[in-house]
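Structure first, then comments.
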Amino acid sequence: MTNNRAILIVLDSVGIGGADDAALYGDDGSNTLGHIIEAANQGKADLKGIRSGPLMLPNLAALGLLDALRLASGETSAGQSATGTWGVGIESSKGKDTTSGHWEIAGTPVSKDFHYFPNQVPAFPGNLIDDIVARFGLPGVVGNKHASGTQIIEELGAEHVATGKPIFYTSADSVIQIAAHETHFGLDRLYALCAFVRDLVDPLMVGRVIARPFVGDENGFVRSANRRDFSLPPFDQTLLDELVAAGRHVTGVGKISDIFAGRGISESRKATGIQGTVDATLQAMRDLPAGGLIFSNIVEFDSEFGHRRDVAGYANALETVDGLIPSILRELGPDDLLIVTADHGNDPIWAGTDHTRERTPILIAGPDAQPGSVGLRGFADIAATIAAHLGVKTNMQSNSIDWKGNVDVHA
């Protein structure tokens with residue numbers, strides 16, 4: 001077996017604009033990273049006592065993040081500033097959600113249409129809600145609309161506690177989110193409800209049912225760290241499935257196992273917070289056997305700052321990860337490959353609170369990585385690159401990226 005290993009890190013929602021089909025999603029002009037940089041330059045991303053002024057991302061820039069931003073936004077890269085191989089990811093799957101993005105990054109573009117709920121009140125079909133209420137023994141539900149997760153528990157948390165009715169809501173993603181108080185409703189009961197709903201909506205092709213537990217009282221409710229996603233399994237074989245079938249070790253960090261419904265995962269390591277997720281990734285790197293893959297997701301960009309339209313918080317999160325990049329690079333072995341990418345955008349300056357359809361950065365590092373651009377690539381090329389590096393033959397139709405040389409620095 002090869003000594004090569006691979007580490008794949010998704011900066012959840014760190015899009016870089018420029019998607020050709022953004023207008024189809026109402027997102028023409030969205031640019032998560034670009035707009036945060038503009039806001040920071042204008043002094044609109046300051047956090048008192050924490051950060052101020054222009055966005056400082058020296059380590060991510062060295063990997064090629066800003067070069068990728070310029071290319072994604074339609075400009076030619078200005079020279080060879082990156083020390084690694086970089087490119088721009090283009091999603092072929094429909095949608096702009098976590099599931100489609102991650103499945104395609106793992107080599108499997110979504111081949112079927114998910115079901116999306118209309119932005120109206122009520123959002124969910126009456127017969128579906130009636131069935132859930134009757135069969136699970138609920139007193140009813142509240143919400144039943146498109147909403148931000150933090151806003152809806154502020155709006156309906158007290159009513160939920162008083163009535164015992166869980167909060168149902170959705171978004172532009174193919175998702176049913178169910179929020180309930182950990183004490184008054186019960187965490188295990190919430191998980192059981194979500195598992196029940198998951199089975200019920202499988203025929204509808206709903207991508208995810210998400211448990212959104214929260215704590216607190218009428219003086220303030222806050223979401224806890226005990227979120228759990230109940231996902232449809234991928235429609236086709238992914239790189240993760242093929243690695244496990246080949247006897248390789250796949251470690252999922254963060255919500256990766258949930259996104260793939262546990263399929264193709266040898267080991268799942270939960271983590272909370274940016275530092276916690278990076279720490280878990282570093283420990284997994286120390287433990288990963290030869291020929292293995294670590295697949296990590298840093299969700300806070302999306303959940304804590306993108307959906308909340310918190311520009312300053314998002315800027316601070318970017319700088320936090322930038323400061324942790326050297327620790328990841330130091331942990332790379334002589335035969336390791338690191339890829340840092342994203343699954344979609346979530347422009348905190350854009351209208352609404354949903355994801356945005358954007359291109360994404362593909363940043364490649366490792367002892368043999370050569371500086372330069374590989375231009376515009378499909379999301380699935382990431383999986384093909386990892387498969388080639390690990391020496392595993394797959395049935396994927398994507399093209400691997402040459403990151404050890406022969407790159408076009410003028411892409």
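Labels for the structure tokens follow display order: chains A, B, ..., residues from 1 in each chain, ligands from 1.
The environment of A:Asn144 within 8 Å, counting only C-alpha atoms and disregarding residues fewer than 3 places along the same chain, consists of A:Val121, A:Pro122, A:Ala123, A:Phe124, A:Val141, A:Ile167, A:Phe168, A:Tyr169, A:Thr170.
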Output C-alpha atoms for every residue in that selection, as a PDB file, in the first residue's frame.
ATOM      1  CA  VAL A 121     -46.427  30.062   5.076  1.00  0.00           C
ATOM      2  CA  PRO A 122     -47.032  27.252   5.686  1.00  0.00           C
ATOM      3  CA  ALA A 123     -43.912  25.881   3.986  1.00  0.00           C
ATOM      4  CA  PHE A 124     -44.567  22.188   4.611  1.00  0.00           C
ATOM      5  CA  VAL A 141     -45.786  22.266  15.656  1.00  0.00           C
ATOM      6  CA  ILE A 167     -40.260  24.389  15.896  1.00  0.00           C
ATOM      7  CA  PHE A 168     -40.249  23.307  12.234  1.00  0.00           C
ATOM      8  CA  TYR A 169     -38.564  25.482   9.616  1.00  0.00           C
ATOM      9  CA  THR A 170     -36.663  25.283   6.343  1.00  0.00           C
TER      10      THR A 170
END
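Neighbouring residues of stretch 127-138 of chain A at 10 Å or closer, counting only C-alpha atoms and skipping chain neighbours under 5 positions away, are Asn144, Gly164, Lys165, Pro166, Phe168, Ala192, Leu193, Phe196, Val197, Leu200 and Val201 of chain A.
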Please produce a file of those selected residues containing N, CA and C atoms, as a PDB file, in the first residue's frame.
ATOM      1  N   ASN A 144     -43.108  26.418  10.795  1.00  0.00           N
ATOM      2  CA  ASN A 144     -43.607  25.966   9.500  1.00  0.00           C
ATOM      3  C   ASN A 144     -43.378  27.023   8.422  1.00  0.00           C
ATOM      4  N   GLY A 164     -44.866  22.780  24.260  1.00  0.00           N
ATOM      5  CA  GLY A 164     -44.284  21.486  23.903  1.00  0.00           C
ATOM      6  C   GLY A 164     -44.272  21.219  22.414  1.00  0.00           C
ATOM      7  N   LYS A 165     -44.650  22.207  21.616  1.00  0.00           N
ATOM      8  CA  LYS A 165     -44.675  22.045  20.165  1.00  0.00           C
ATOM      9  C   LYS A 165     -43.292  22.343  19.583  1.00  0.00           C
ATOM     10  N   PRO A 166     -42.662  21.392  18.896  1.00  0.00           N
ATOM     11  CA  PRO A 166     -41.346  21.666  18.305  1.00  0.00           C
ATOM     12  C   PRO A 166     -41.441  22.683  17.177  1.00  0.00           C
ATOM     13  N   PHE A 168     -40.606  23.820  13.562  1.00  0.00           N
ATOM     14  CA  PHE A 168     -40.249  23.307  12.234  1.00  0.00           C
ATOM     15  C   PHE A 168     -39.968  24.498  11.317  1.00  0.00           C
ATOM     16  N   ALA A 192     -34.897  11.367  18.177  1.00  0.00           N
ATOM     17  CA  ALA A 192     -35.858  10.341  17.754  1.00  0.00           C
ATOM     18  C   ALA A 192     -36.885  10.918  16.785  1.00  0.00           C
ATOM     19  N   LEU A 193     -37.340  12.147  17.051  1.00  0.00           N
ATOM     20  CA  LEU A 193     -38.289  12.804  16.156  1.00  0.00           C
ATOM     21  C   LEU A 193     -37.666  13.002  14.775  1.00  0.00           C
ATOM     22  N   PHE A 196     -37.408   9.801  12.895  1.00  0.00           N
ATOM     23  CA  PHE A 196     -38.747   9.421  12.421  1.00  0.00           C
ATOM     24  C   PHE A 196     -39.119  10.208  11.161  1.00  0.00           C
ATOM     25  N   VAL A 197     -38.883  11.537  11.198  1.00  0.00           N
ATOM     26  CA  VAL A 197     -39.196  12.383  10.052  1.00  0.00           C
ATOM     27  C   VAL A 197     -38.321  12.001   8.860  1.00  0.00           C
ATOM     28  N   LEU A 200     -39.793   9.220   7.117  1.00  0.00           N
ATOM     29  CA  LEU A 200     -41.065   9.610   6.522  1.00  0.00           C
ATOM     30  C   LEU A 200     -40.881  10.371   5.211  1.00  0.00           C
ATOM     31  N   VAL A 201     -39.820  11.181   5.112  1.00  0.00           N
ATOM     32  CA  VAL A 201     -39.645  12.037   3.934  1.00  0.00           C
ATOM     33  C   VAL A 201     -38.644  11.480   2.930  1.00  0.00           C
TER      34      VAL A 201
END
Enumerate the residues of stretch 277-401 of chain A with a DSSP assignment of helix (DSSP H, G or I), computed from the backbone, and present them as a ChimeraX atom specification.
/A:277-287,300-306,311-331,380-390
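Checking A:Gly405, A:Pro125, A:Gly49, A:Gly345 one by one against A:Ala369, counting only C-alpha atoms, you find the shortest gap at A:Gly405.
Proximity to A:Asn226 was assessed for A:Ile152, A:Val206, A:Leu187, A:Ile298 counting only C-alpha atoms; the smallest distance is recorded for A:Leu187.
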Surrounding residues of stretch 17-24 of chain A excluding itself and chain neighbours under 4 positions, 10 Å, only C-alpha atoms, as JSON, numbers by chain:
{"A": [28, 29, 30, 31, 32, 33, 34, 35, 69, 70, 71, 72, 73, 74, 88, 89, 90, 91, 92, 94, 95, 96, 344, 345, 347, 356, 357, 358, 359, 360, 361]}
Do you know which residues are at most 12 Å from A:Val299 counting only C-alpha atoms, after dropping those on the same chain fewer than 4 positions away, and could you put them as number ranges by chain?
A: 9-14, 98, 225, 227, 253-256, 259, 270-278, 303-307, 314, 317, 321, 342-344, 346
Go ahead and write the residues just picked, N, CA and C atoms, as a JSON list (two decimals), in the first residue's frame.
[["chain", "number", "residue", "atom", "x", "y", "z"],
["A", 9, "ILE", "N", -9.97, 19.58, 3.65],
["A", 9, "ILE", "CA", -10.63, 20.47, 4.60],
["A", 9, "ILE", "C", -11.59, 21.39, 3.85],
["A", 10, "VAL", "N", -12.85, 21.38, 4.25],
["A", 10, "VAL", "CA", -13.86, 22.25, 3.66],
["A", 10, "VAL", "C", -14.11, 23.43, 4.59],
["A", 11, "LEU", "N", -13.82, 24.63, 4.09],
["A", 11, "LEU", "CA", -14.18, 25.87, 4.80],
["A", 11, "LEU", "C", -15.62, 26.18, 4.40],
["A", 12, "ASP", "N", -16.54, 25.70, 5.19],
["A", 12, "ASP", "CA", -17.95, 25.68, 4.83],
["A", 12, "ASP", "C", -18.46, 27.08, 4.49],
["A", 13, "SER", "N", -18.83, 27.28, 3.24],
["A", 13, "SER", "CA", -19.46, 28.50, 2.71],
["A", 13, "SER", "C", -18.49, 29.59, 2.28],
["A", 14, "VAL", "N", -17.17, 29.33, 2.28],
["A", 14, "VAL", "CA", -16.22, 30.38, 1.87],
["A", 14, "VAL", "C", -16.14, 30.41, 0.35],
["A", 98, "THR", "N", -25.17, 22.20, 1.29],
["A", 98, "THR", "CA", -24.10, 21.41, 1.87],
["A", 98, "THR", "C", -24.03, 20.03, 1.23],
["A", 225, "ALA", "N", -24.38, 22.83, 21.03],
["A", 225, "ALA", "CA", -23.45, 22.18, 20.10],
["A", 225, "ALA", "C", -23.91, 20.79, 19.70],
["A", 227, "ARG", "N", -26.18, 19.71, 17.60],
["A", 227, "ARG", "CA", -26.82, 19.54, 16.30],
["A", 227, "ARG", "C", -26.51, 18.15, 15.74],
["A", 253, "VAL", "N", -14.23, 14.40, 10.13],
["A", 253, "VAL", "CA", -14.14, 15.32, 11.26],
["A", 253, "VAL", "C", -15.25, 16.36, 11.13],
["A", 254, "GLY", "N", -15.95, 16.62, 12.24],
["A", 254, "GLY", "CA", -17.07, 17.55, 12.19],
["A", 254, "GLY", "C", -18.32, 16.83, 11.70],
["A", 255, "LYS", "N", -19.05, 17.46, 10.79],
["A", 255, "LYS", "CA", -20.33, 16.90, 10.35],
["A", 255, "LYS", "C", -20.23, 16.03, 9.10],
["A", 256, "ILE", "N", -19.02, 15.65, 8.72],
["A", 256, "ILE", "CA", -18.83, 14.88, 7.50],
["A", 256, "ILE", "C", -19.63, 13.57, 7.52],
["A", 259, "ILE", "N", -23.24, 14.15, 6.77],
["A", 259, "ILE", "CA", -23.52, 14.55, 5.39],
["A", 259, "ILE", "C", -23.61, 13.33, 4.47],
["A", 270, "LYS", "N", -16.20, 13.98, 16.21],
["A", 270, "LYS", "CA", -16.98, 15.20, 16.36],
["A", 270, "LYS", "C", -16.09, 16.33, 16.89],
["A", 271, "ALA", "N", -16.45, 17.53, 16.55],
["A", 271, "ALA", "CA", -15.66, 18.69, 16.99],
["A", 271, "ALA", "C", -16.57, 19.90, 17.05],
["A", 272, "THR", "N", -16.22, 20.82, 17.92],
["A", 272, "THR", "CA", -17.00, 22.04, 18.08],
["A", 272, "THR", "C", -16.08, 23.25, 17.99],
["A", 273, "GLY", "N", -16.47, 24.24, 17.20],
["A", 273, "GLY", "CA", -15.69, 25.46, 17.08],
["A", 273, "GLY", "C", -14.55, 25.32, 16.09],
["A", 274, "ILE", "N", -14.06, 26.46, 15.63],
["A", 274, "ILE", "CA", -12.97, 26.44, 14.65],
["A", 274, "ILE", "C", -11.71, 25.82, 15.24],
["A", 275, "GLN", "N", -11.32, 26.27, 16.42],
["A", 275, "GLN", "CA", -10.12, 25.71, 17.05],
["A", 275, "GLN", "C", -10.33, 24.22, 17.33],
["A", 276, "GLY", "N", -11.50, 23.85, 17.81],
["A", 276, "GLY", "CA", -11.77, 22.45, 18.12],
["A", 276, "GLY", "C", -11.70, 21.56, 16.89],
["A", 277, "THR", "N", -12.23, 22.06, 15.76],
["A", 277, "THR", "CA", -12.20, 21.27, 14.53],
["A", 277, "THR", "C", -10.78, 21.13, 14.00],
["A", 278, "VAL", "N", -10.01, 22.20, 14.06],
["A", 278, "VAL", "CA", -8.62, 22.11, 13.61],
["A", 278, "VAL", "C", -7.83, 21.19, 14.54],
["A", 303, "SER", "N", -22.62, 28.42, 9.71],
["A", 303, "SER", "CA", -23.68, 28.39, 10.72],
["A", 303, "SER", "C", -23.67, 29.60, 11.64],
["A", 304, "GLU", "N", -22.48, 30.08, 11.98],
["A", 304, "GLU", "CA", -22.39, 31.16, 12.96],
["A", 304, "GLU", "C", -22.36, 32.55, 12.35],
["A", 305, "PHE", "N", -21.86, 32.65, 11.11],
["A", 305, "PHE", "CA", -21.62, 33.99, 10.56],
["A", 305, "PHE", "C", -22.31, 34.23, 9.22],
["A", 306, "GLY", "N", -22.29, 33.25, 8.31],
["A", 306, "GLY", "CA", -22.93, 33.46, 7.02],
["A", 306, "GLY", "C", -24.43, 33.60, 7.14],
["A", 307, "HIS", "N", -25.09, 32.61, 7.76],
["A", 307, "HIS", "CA", -26.54, 32.66, 7.90],
["A", 307, "HIS", "C", -26.99, 33.83, 8.78],
["A", 314, "TYR", "N", -17.53, 36.82, 10.49],
["A", 314, "TYR", "CA", -17.00, 36.02, 9.39],
["A", 314, "TYR", "C", -15.55, 36.41, 9.13],
["A", 317, "ALA", "N", -13.40, 34.94, 11.76],
["A", 317, "ALA", "CA", -13.27, 33.50, 11.57],
["A", 317, "ALA", "C", -12.23, 33.17, 10.49],
["A", 321, "VAL", "N", -8.78, 30.98, 11.16],
["A", 321, "VAL", "CA", -8.32, 29.82, 10.40],
["A", 321, "VAL", "C", -6.96, 30.11, 9.77],
["A", 342, "ALA", "N", -14.10, 24.75, -0.48],
["A", 342, "ALA", "CA", -15.40, 25.13, 0.09],
["A", 342, "ALA", "C", -16.49, 24.43, -0.68],
["A", 343, "ASP", "N", -17.71, 24.46, -0.15],
["A", 343, "ASP", "CA", -18.82, 23.72, -0.76],
["A", 343, "ASP", "C", -19.85, 24.62, -1.44],
["A", 344, "HIS", "N", -19.87, 25.89, -1.11],
["A", 344, "HIS", "CA", -20.82, 26.86, -1.68],
["A", 344, "HIS", "C", -20.45, 28.21, -1.08],
["A", 346, "ASN", "N", -21.90, 31.79, 1.20],
["A", 346, "ASN", "CA", -22.93, 32.31, 2.10],
["A", 346, "ASN", "C", -22.56, 33.76, 2.39]]
To test your reading of the structure, identify every residue in stretch 155-283 of chain A that backbone DSSP assigns to strand (DSSP E or B), and report it as a ChimeraX atom specification.
/A:167-170,175-181,208-217,220-223,228-231,250-253,267-269
Contacts of stretch 105-119 of chain A within 8 Å, only C-alpha atoms, excl. fewer than 3 positions in-chain, as a tab-separated table (two decimals) with N, CA and C atoms, in the first residue's frame:
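Result went into out-v2.tsv, see below:
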chain	number	residue	atom	x	y	z
A	92	SER	N	-21.21	21.42	-10.67
A	92	SER	CA	-22.12	21.06	-11.75
A	92	SER	C	-23.49	20.67	-11.24
A	93	SER	N	-23.59	20.24	-9.98
A	93	SER	CA	-24.87	19.85	-9.41
A	93	SER	C	-25.79	21.06	-9.28
A	94	LYS	N	-27.09	20.80	-9.34
A	94	LYS	CA	-28.06	21.85	-9.08
A	94	LYS	C	-28.07	22.16	-7.59
A	100	SER	N	-25.16	18.70	-1.75
A	100	SER	CA	-24.71	18.62	-3.14
A	100	SER	C	-23.24	18.99	-3.25
A	101	GLY	N	-22.81	20.01	-2.50
A	101	GLY	CA	-21.42	20.43	-2.57
A	101	GLY	C	-20.47	19.35	-2.10
A	102	HIS	N	-20.76	18.75	-0.95
A	102	HIS	CA	-19.86	17.74	-0.41
A	102	HIS	C	-19.87	16.46	-1.23
A	123	ALA	N	-44.89	26.37	4.96
A	123	ALA	CA	-43.91	25.88	3.99
A	123	ALA	C	-44.06	24.39	3.72
A	124	PHE	N	-44.48	23.64	4.74
A	124	PHE	CA	-44.57	22.19	4.61
A	124	PHE	C	-46.00	21.77	4.29
A	145	LYS	N	-42.12	27.48	8.33
A	145	LYS	CA	-41.79	28.53	7.36
A	145	LYS	C	-40.29	28.55	7.10
A	146	HIS	N	-39.87	29.36	6.14
A	146	HIS	CA	-38.46	29.63	5.92
A	146	HIS	C	-37.99	30.59	7.02
A	170	THR	N	-37.47	25.71	7.47
A	170	THR	CA	-36.66	25.28	6.34
A	170	THR	C	-35.91	26.47	5.77
A	171	SER	N	-35.28	26.27	4.61
A	171	SER	CA	-34.49	27.34	3.97
A	171	SER	C	-34.48	27.05	2.47
A	172	ALA	N	-33.56	27.70	1.76
A	172	ALA	CA	-33.42	27.44	0.33
A	172	ALA	C	-32.81	26.07	0.06
A	173	ASP	N	-32.23	25.44	1.09
A	173	ASP	CA	-31.72	24.07	0.96
A	173	ASP	C	-32.87	23.08	0.98
A	174	SER	N	-32.57	21.86	0.57
A	174	SER	CA	-33.53	20.76	0.71
A	174	SER	C	-33.43	20.23	2.13
A	175	VAL	N	-34.21	20.81	3.03
A	175	VAL	CA	-34.01	20.52	4.45
A	175	VAL	C	-35.28	20.75	5.26
A	204	LEU	N	-39.82	11.68	-0.55
A	204	LEU	CA	-39.90	13.03	-1.10
A	204	LEU	C	-38.55	13.55	-1.59
A	205	MET	N	-37.46	12.82	-1.29
A	205	MET	CA	-36.10	13.22	-1.68
A	205	MET	C	-35.69	14.52	-0.98
A	206	VAL	N	-36.00	14.63	0.30
A	206	VAL	CA	-35.53	15.75	1.11
A	206	VAL	C	-34.09	15.44	1.54
A	207	GLY	N	-33.17	16.35	1.26
A	207	GLY	CA	-31.76	16.08	1.48
A	207	GLY	C	-31.40	15.81	2.93
A	235	PHE	N	-26.56	9.13	-3.70
A	235	PHE	CA	-27.29	8.35	-4.69
A	235	PHE	C	-26.39	7.35	-5.40
A	236	ASP	N	-25.09	7.67	-5.46
A	236	ASP	CA	-24.14	6.81	-6.14
A	236	ASP	C	-22.91	6.62	-5.25
A	237	GLN	N	-21.99	5.77	-5.68
A	237	GLN	CA	-20.76	5.54	-4.95
A	237	GLN	C	-19.91	6.81	-4.95
A	238	THR	N	-19.34	7.14	-3.80
A	238	THR	CA	-18.44	8.27	-3.68
A	238	THR	C	-17.01	7.77	-3.50
A	239	LEU	N	-16.07	8.68	-3.55
A	239	LEU	CA	-14.68	8.35	-3.26
A	239	LEU	C	-14.55	7.68	-1.91
A	240	LEU	N	-15.35	8.12	-0.93
A	240	LEU	CA	-15.26	7.57	0.41
A	240	LEU	C	-15.63	6.09	0.40
A	343	ASP	N	-17.71	24.46	-0.15
A	343	ASP	CA	-18.82	23.72	-0.76
A	343	ASP	C	-19.85	24.62	-1.44
A	379	PHE	N	-15.75	20.49	-9.17
A	379	PHE	CA	-15.65	20.02	-7.78
A	379	PHE	C	-15.11	18.59	-7.72
A	380	ALA	N	-15.61	17.74	-8.63
A	380	ALA	CA	-15.26	16.32	-8.58
A	380	ALA	C	-13.80	16.06	-8.93
A	381	ASP	N	-13.12	17.03	-9.53
A	381	ASP	CA	-11.69	16.87	-9.79
A	381	ASP	C	-10.90	16.74	-8.49
A	382	ILE	N	-11.46	17.26	-7.41
A	382	ILE	CA	-10.81	17.12	-6.11
A	382	ILE	C	-10.74	15.65	-5.71
A	383	ALA	N	-11.85	14.95	-5.86
A	383	ALA	CA	-11.87	13.52	-5.54
A	383	ALA	C	-10.93	12.74	-6.44
A	384	ALA	N	-10.92	13.07	-7.72
A	384	ALA	CA	-10.03	12.38	-8.64
A	384	ALA	C	-8.57	12.59	-8.27
A	396	MET	N	-14.83	7.10	-11.36
A	396	MET	CA	-15.18	8.49	-11.57
A	396	MET	C	-14.68	8.99	-12.93
A	398	SER	N	-14.03	12.16	-13.60
A	398	SER	CA	-13.36	13.46	-13.44
A	398	SER	C	-11.87	13.33	-13.71
Which residues come within 10 Å of A:Ala284, counting only C-alpha atoms, excluding same-chain residues fewer than 4 positions away, as a list in words?
Ile7, Thr251, Gly252, Val253, Glu267, Arg269, Val278, Asp279, Ala280, Leu288, Pro289, Leu293, Ile294, Phe295 and Ser296 of chain A
Just-selected residues, C-alpha atoms written as a PDB file, in the first residue's frame:
ATOM      1  CA  ILE A   7      -6.230  15.654   4.102  1.00  0.00           C
ATOM      2  CA  THR A 251     -11.737   9.752   9.100  1.00  0.00           C
ATOM      3  CA  GLY A 252     -14.583  12.256   9.048  1.00  0.00           C
ATOM      4  CA  VAL A 253     -14.139  15.324  11.263  1.00  0.00           C
ATOM      5  CA  GLU A 267     -14.216   6.725  11.945  1.00  0.00           C
ATOM      6  CA  ARG A 269     -14.590  12.528  15.168  1.00  0.00           C
ATOM      7  CA  VAL A 278      -8.620  22.111  13.615  1.00  0.00           C
ATOM      8  CA  ASP A 279      -7.357  20.410  16.784  1.00  0.00           C
ATOM      9  CA  ALA A 280      -9.380  17.301  15.928  1.00  0.00           C
ATOM     10  CA  LEU A 288      -3.983   8.422  10.161  1.00  0.00           C
ATOM     11  CA  PRO A 289      -2.444   5.272   8.673  1.00  0.00           C
ATOM     12  CA  LEU A 293      -7.995  10.178   4.045  1.00  0.00           C
ATOM     13  CA  ILE A 294      -9.122  12.807   6.545  1.00  0.00           C
ATOM     14  CA  PHE A 295     -12.205  14.773   5.476  1.00  0.00           C
ATOM     15  CA  SER A 296     -12.927  17.771   7.738  1.00  0.00           C
TER      16      SER A 296
END
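Taking atom CA of A:Tyr25 and atom CA of A:Arg208 as the two end points, the separation is 19.8 Å.
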What's around A:Ala45 at 10 Å? Count only C-alpha atoms, leave out sequence neighbours fewer than 3 positions away in its own chain, and write the answer as JSON, numbers by chain.
{"A": [36, 37, 38, 39, 40, 41, 42, 48, 51, 52, 53, 54, 55, 310, 311, 312, 313, 314, 315, 316]}
Dump as a PDB file, in the first residue's frame, selection limited to C-alpha atoms:
ATOM      1  CA  ILE A  36     -15.906  40.625   3.251  1.00  0.00           C
ATOM      2  CA  ILE A  37     -12.598  42.008   1.970  1.00  0.00           C
ATOM      3  CA  GLU A  38     -14.378  45.126   0.695  1.00  0.00           C
ATOM      4  CA  ALA A  39     -16.205  45.600   3.992  1.00  0.00           C
ATOM      5  CA  ALA A  40     -12.995  45.188   5.983  1.00  0.00           C
ATOM      6  CA  ASN A  41     -11.212  47.730   3.789  1.00  0.00           C
ATOM      7  CA  GLN A  42     -14.017  50.171   4.572  1.00  0.00           C
ATOM      8  CA  LYS A  48     -13.969  45.925  19.209  1.00  0.00           C
ATOM      9  CA  ARG A  51     -10.002  42.710  14.952  1.00  0.00           C
ATOM     10  CA  SER A  52     -10.059  45.868  12.843  1.00  0.00           C
ATOM     11  CA  GLY A  53      -9.059  47.154   9.439  1.00  0.00           C
ATOM     12  CA  PRO A  54      -8.283  45.208   6.262  1.00  0.00           C
ATOM     13  CA  LEU A  55      -8.596  41.446   6.229  1.00  0.00           C
ATOM     14  CA  ASP A 310     -22.352  38.700  10.554  1.00  0.00           C
ATOM     15  CA  VAL A 311     -19.656  40.314   8.421  1.00  0.00           C
ATOM     16  CA  ALA A 312     -17.268  41.084  11.281  1.00  0.00           C
ATOM     17  CA  GLY A 313     -17.656  37.610  12.769  1.00  0.00           C
ATOM     18  CA  TYR A 314     -17.000  36.017   9.386  1.00  0.00           C
ATOM     19  CA  ALA A 315     -13.893  38.170   8.903  1.00  0.00           C
ATOM     20  CA  ASN A 316     -12.613  37.175  12.329  1.00  0.00           C
TER      21      ASN A 316
END
Interatomic distance, atom CA of A:Thr281 to atom CA of A:Thr150 (Å, one decimal):
27.5 Å
